[in-house]
Amino acid sequence: MIEAVITGIILLAFCFLVLPMAMADATGAVKRRISSTREKLRMVGKSGVTFYPGTFIIQYGSSYATTADRGLVNDYHDVANAIFAGVMLAEGLDAGEEYILGDGTKGIPVATGGMILERVAVTNLSARTDVGKEVYMADNQTLSDTAGSNFTTAVGRVLEFDGTTFTVEIYSMVRAAE
């Protein structure tokens with residue numbers, strides 16, 4: 001009896017503390033869902049870059065070619081010496097905003113901790129036998145089983161296949177940089 005009560009309390013706490021956040025692309029269509037995230041940071045966005053909720057974010061590392069961009073975040077593109085930072089969150093947008101335009105000083109809300117993405121398509125994967133495979137960023141919204149030519153770090157792994165889409169563990173910023 002006591003075990004059932006404790007299990008119920010834990011389940012109830014989980015439901016209230018880890019509420020899923022819908023994420024949308026530039027058209028407003030829900031593309032995936034974050035069911036858990038641990039750490040969130042506001043990271044300074046590169047000037048002139050448009051940041052949309054749900055897009056994958058990179059940070060230019062200390063050996064990036066353009067010194068002025070080091071430490072800034074950008075939406076993903078296949079570039080050498082970049083670090084996977086996380087996924088942009090919608091919670092940092094003002095009412096009515098659909099995106100944030102980076103200006104070199106404005107903070108971009110980024111989920112940097114490990115997270116679970118549900119209902120995700122992964123390029124070149126399509127079966128339950130793909131569970132366990134590592135995934136890479138193909139662009140700022142697409143995961144693939146193939147590393148880019150410059151950005152070769154795995155950013156997560158497949159946890160589950162529902163017959164149509166995958167559930168993917170996205171690594172934390174620290175783990176992806178290892």
# chains A, B, ... in the order shown; residues from 1 in each chain; ligands from 1
call {"tool": "residues_around", "arguments": {"residues": "region 90-104 of chain A", "least_positions_apart": "5", "cutoff": "8 Å", "atoms": "only C-alpha atoms", "output": "list in words"}}
result
Met23, Ala26, Val44, Gly45, Lys46, Ser47, Gly48, Val49, Thr50, Phe51, Tyr52, Pro53, Gly54, Leu72 and Pro109 of chain A
call {"tool": "select_by_dssp", "arguments": {"residues": "region 80-149 of chain A", "states": "helix (DSSP H, G or I)", "output": "PyMOL selection string"}}
result
chain A and resi 90-92+128-130
call {"tool": "atom_distance", "arguments": {"atom1": "CA of Asp78 (chain A)", "atom2": "CA of Phe151 (chain A)"}}
result
5.4 Å
call {"tool": "closest_residue", "arguments": {"among": "A:Thr164, A:Gln59, A:Thr112, A:Gln141", "to": "Ala80 (chain A)", "atoms": "only C-alpha atoms"}}
result
A:Gln59
call {"tool": "closest_residue", "arguments": {"among": "A:Thr67, A:Asn150, A:Thr165, A:Asn140", "to": "Ala127 (chain A)", "atoms": "only C-alpha atoms"}}
result
A:Thr165
call {"tool": "closest_residue", "arguments": {"among": "A:Ala121, A:Ala85, A:Val73, A:Ile108", "to": "Asp145 (chain A)", "atoms": "only C-alpha atoms"}}
result
A:Ala121
call {"tool": "atom_distance", "arguments": {"atom1": "CA of Val79 (chain A)", "atom2": "CA of Thr146 (chain A)"}}
result
15.0 Å
call {"tool": "residues_around", "arguments": {"residues": "Ile57 (chain A)", "least_positions_apart": "6", "cutoff": "6 Å", "atoms": "only C-alpha atoms", "output": "VMD selection string"}}
result
chain A and resid 74 to 76 85 to 87
call {"tool": "decode", "arguments": {"residues": "region 27-160 of chain A", "atoms": "C-alpha atoms", "output": "short mmCIF file (atom, residue, chain, number, x, y, z; two decimals), in the first residue's frame"}}
result
data_model
loop_
_atom_site.label_atom_id
_atom_site.label_comp_id
_atom_site.auth_asym_id
_atom_site.auth_seq_id
_atom_site.Cartn_x
_atom_site.Cartn_y
_atom_site.Cartn_z
CA THR A 27 5.86 28.38 -39.88
CA GLY A 28 4.49 27.67 -36.42
CA ALA A 29 4.00 23.95 -37.06
CA VAL A 30 4.99 21.76 -34.12
CA LYS A 31 7.98 19.69 -35.18
CA ARG A 32 9.03 17.97 -31.96
CA ARG A 33 8.45 18.03 -28.25
CA ILE A 34 10.91 18.37 -25.38
CA SER A 35 9.74 16.15 -22.57
CA SER A 36 12.56 16.98 -20.19
CA THR A 37 15.41 19.40 -19.90
CA ARG A 38 17.69 20.15 -17.01
CA GLU A 39 19.77 23.24 -17.65
CA LYS A 40 18.79 26.41 -19.47
CA LEU A 41 21.06 29.34 -20.29
CA ARG A 42 20.70 32.67 -22.02
CA MET A 43 23.56 32.73 -24.51
CA VAL A 44 24.56 35.75 -26.57
CA GLY A 45 23.45 35.39 -30.19
CA LYS A 46 25.56 36.36 -33.17
CA SER A 47 24.48 39.63 -34.76
CA GLY A 48 22.16 39.29 -37.76
CA VAL A 49 21.16 35.66 -37.07
CA THR A 50 17.47 34.85 -36.71
CA PHE A 51 16.84 32.32 -33.93
CA TYR A 52 13.64 30.24 -34.02
CA PRO A 53 12.38 28.09 -31.13
CA GLY A 54 13.19 24.43 -31.61
CA THR A 55 16.30 24.95 -33.71
CA PHE A 56 19.65 23.40 -32.85
CA ILE A 57 22.17 25.93 -31.58
CA ILE A 58 25.98 25.87 -31.81
CA GLN A 59 28.56 27.99 -30.03
CA TYR A 60 31.73 29.07 -31.74
CA GLY A 61 34.68 27.55 -29.88
CA SER A 62 37.95 29.15 -28.83
CA SER A 63 39.70 28.02 -32.02
CA TYR A 64 37.01 29.33 -34.40
CA ALA A 65 38.58 31.28 -37.30
CA THR A 66 36.74 34.58 -36.72
CA THR A 67 37.93 35.85 -33.34
CA ALA A 68 34.99 38.28 -32.90
CA ASP A 69 32.49 35.39 -33.11
CA ARG A 70 34.14 33.20 -30.46
CA GLY A 71 31.76 32.52 -27.57
CA LEU A 72 28.66 33.61 -29.52
CA VAL A 73 25.86 31.25 -30.52
CA ASN A 74 24.41 30.69 -33.98
CA ASP A 75 21.82 28.35 -35.41
CA TYR A 76 23.48 25.18 -36.64
CA HIS A 77 25.46 25.05 -39.83
CA ASP A 78 28.27 22.64 -40.71
CA VAL A 79 31.27 24.59 -39.48
CA ALA A 80 34.54 23.45 -37.94
CA ASN A 81 35.47 24.34 -34.35
CA ALA A 82 31.90 24.71 -33.15
CA ILE A 83 30.36 23.22 -30.02
CA PHE A 84 26.81 21.85 -29.81
CA ALA A 85 25.06 24.18 -27.36
CA GLY A 86 21.49 22.86 -27.28
CA VAL A 87 18.01 23.72 -28.51
CA MET A 88 16.46 27.20 -28.53
CA LEU A 89 13.44 27.51 -26.24
CA ALA A 90 10.27 29.48 -26.95
CA GLU A 91 10.00 30.63 -23.35
CA GLY A 92 12.35 33.57 -23.94
CA LEU A 93 10.15 35.18 -26.58
CA ASP A 94 8.06 38.23 -25.82
CA ALA A 95 4.32 38.04 -26.48
CA GLY A 96 3.69 37.96 -30.23
CA GLU A 97 7.31 37.22 -31.13
CA GLU A 98 8.08 34.21 -33.33
CA TYR A 99 11.86 34.54 -33.25
CA ILE A 100 14.76 36.53 -31.77
CA LEU A 101 17.13 38.47 -34.02
CA GLY A 102 20.65 38.23 -32.62
CA ASP A 103 22.45 41.53 -32.13
CA GLY A 104 25.66 40.50 -30.36
CA THR A 105 24.25 41.40 -26.92
CA LYS A 106 20.81 39.78 -26.70
CA GLY A 107 20.45 36.54 -24.74
CA ILE A 108 19.01 33.55 -26.60
CA PRO A 109 17.23 31.02 -24.33
CA VAL A 110 18.91 27.65 -24.90
CA ALA A 111 18.21 24.29 -23.27
CA THR A 112 21.81 23.13 -22.72
CA GLY A 113 21.19 20.11 -20.50
CA GLY A 114 20.43 16.63 -21.62
CA MET A 115 16.88 16.35 -22.93
CA ILE A 116 14.48 13.98 -24.59
CA LEU A 117 12.97 14.92 -27.95
CA GLU A 118 9.82 13.05 -28.88
CA ARG A 119 8.19 12.59 -32.30
CA VAL A 120 11.40 13.27 -34.21
CA ALA A 121 12.25 12.13 -37.73
CA VAL A 122 15.88 11.09 -38.21
CA THR A 123 17.28 11.11 -41.75
CA ASN A 124 18.28 7.61 -42.96
CA LEU A 125 16.70 5.85 -39.96
CA SER A 126 13.33 4.15 -40.16
CA ALA A 127 13.13 1.00 -38.03
CA ARG A 128 13.18 -0.35 -34.49
CA THR A 129 16.64 -1.79 -35.27
CA ASP A 130 17.93 1.82 -35.33
CA VAL A 131 17.35 2.18 -31.57
CA GLY A 132 20.68 2.86 -29.86
CA LYS A 133 22.33 4.55 -32.84
CA GLU A 134 23.98 7.93 -32.38
CA VAL A 135 22.62 10.93 -34.26
CA TYR A 136 24.16 14.10 -35.65
CA MET A 137 22.83 17.51 -36.71
CA ALA A 138 22.14 17.66 -40.45
CA ASP A 139 20.87 21.25 -40.29
CA ASN A 140 19.32 23.51 -37.67
CA GLN A 141 16.21 21.31 -37.35
CA THR A 142 17.15 17.89 -38.71
CA LEU A 143 18.88 14.92 -37.12
CA SER A 144 20.72 12.33 -39.21
CA ASP A 145 22.71 9.14 -38.75
CA THR A 146 25.58 10.78 -40.66
CA ALA A 147 28.08 13.32 -39.34
CA GLY A 148 28.67 16.54 -41.24
CA SER A 149 31.93 17.10 -43.07
CA ASN A 150 33.11 19.70 -40.51
CA PHE A 151 30.87 19.22 -37.46
CA THR A 152 31.39 15.55 -36.64
CA THR A 153 30.22 15.32 -33.02
CA ALA A 154 27.25 13.09 -32.16
CA VAL A 155 24.57 15.13 -30.37
CA GLY A 156 22.37 12.30 -29.17
CA ARG A 157 21.14 8.74 -29.54
CA VAL A 158 17.90 7.01 -30.49
CA LEU A 159 15.94 5.65 -27.52
CA GLU A 160 12.71 4.43 -29.08
#
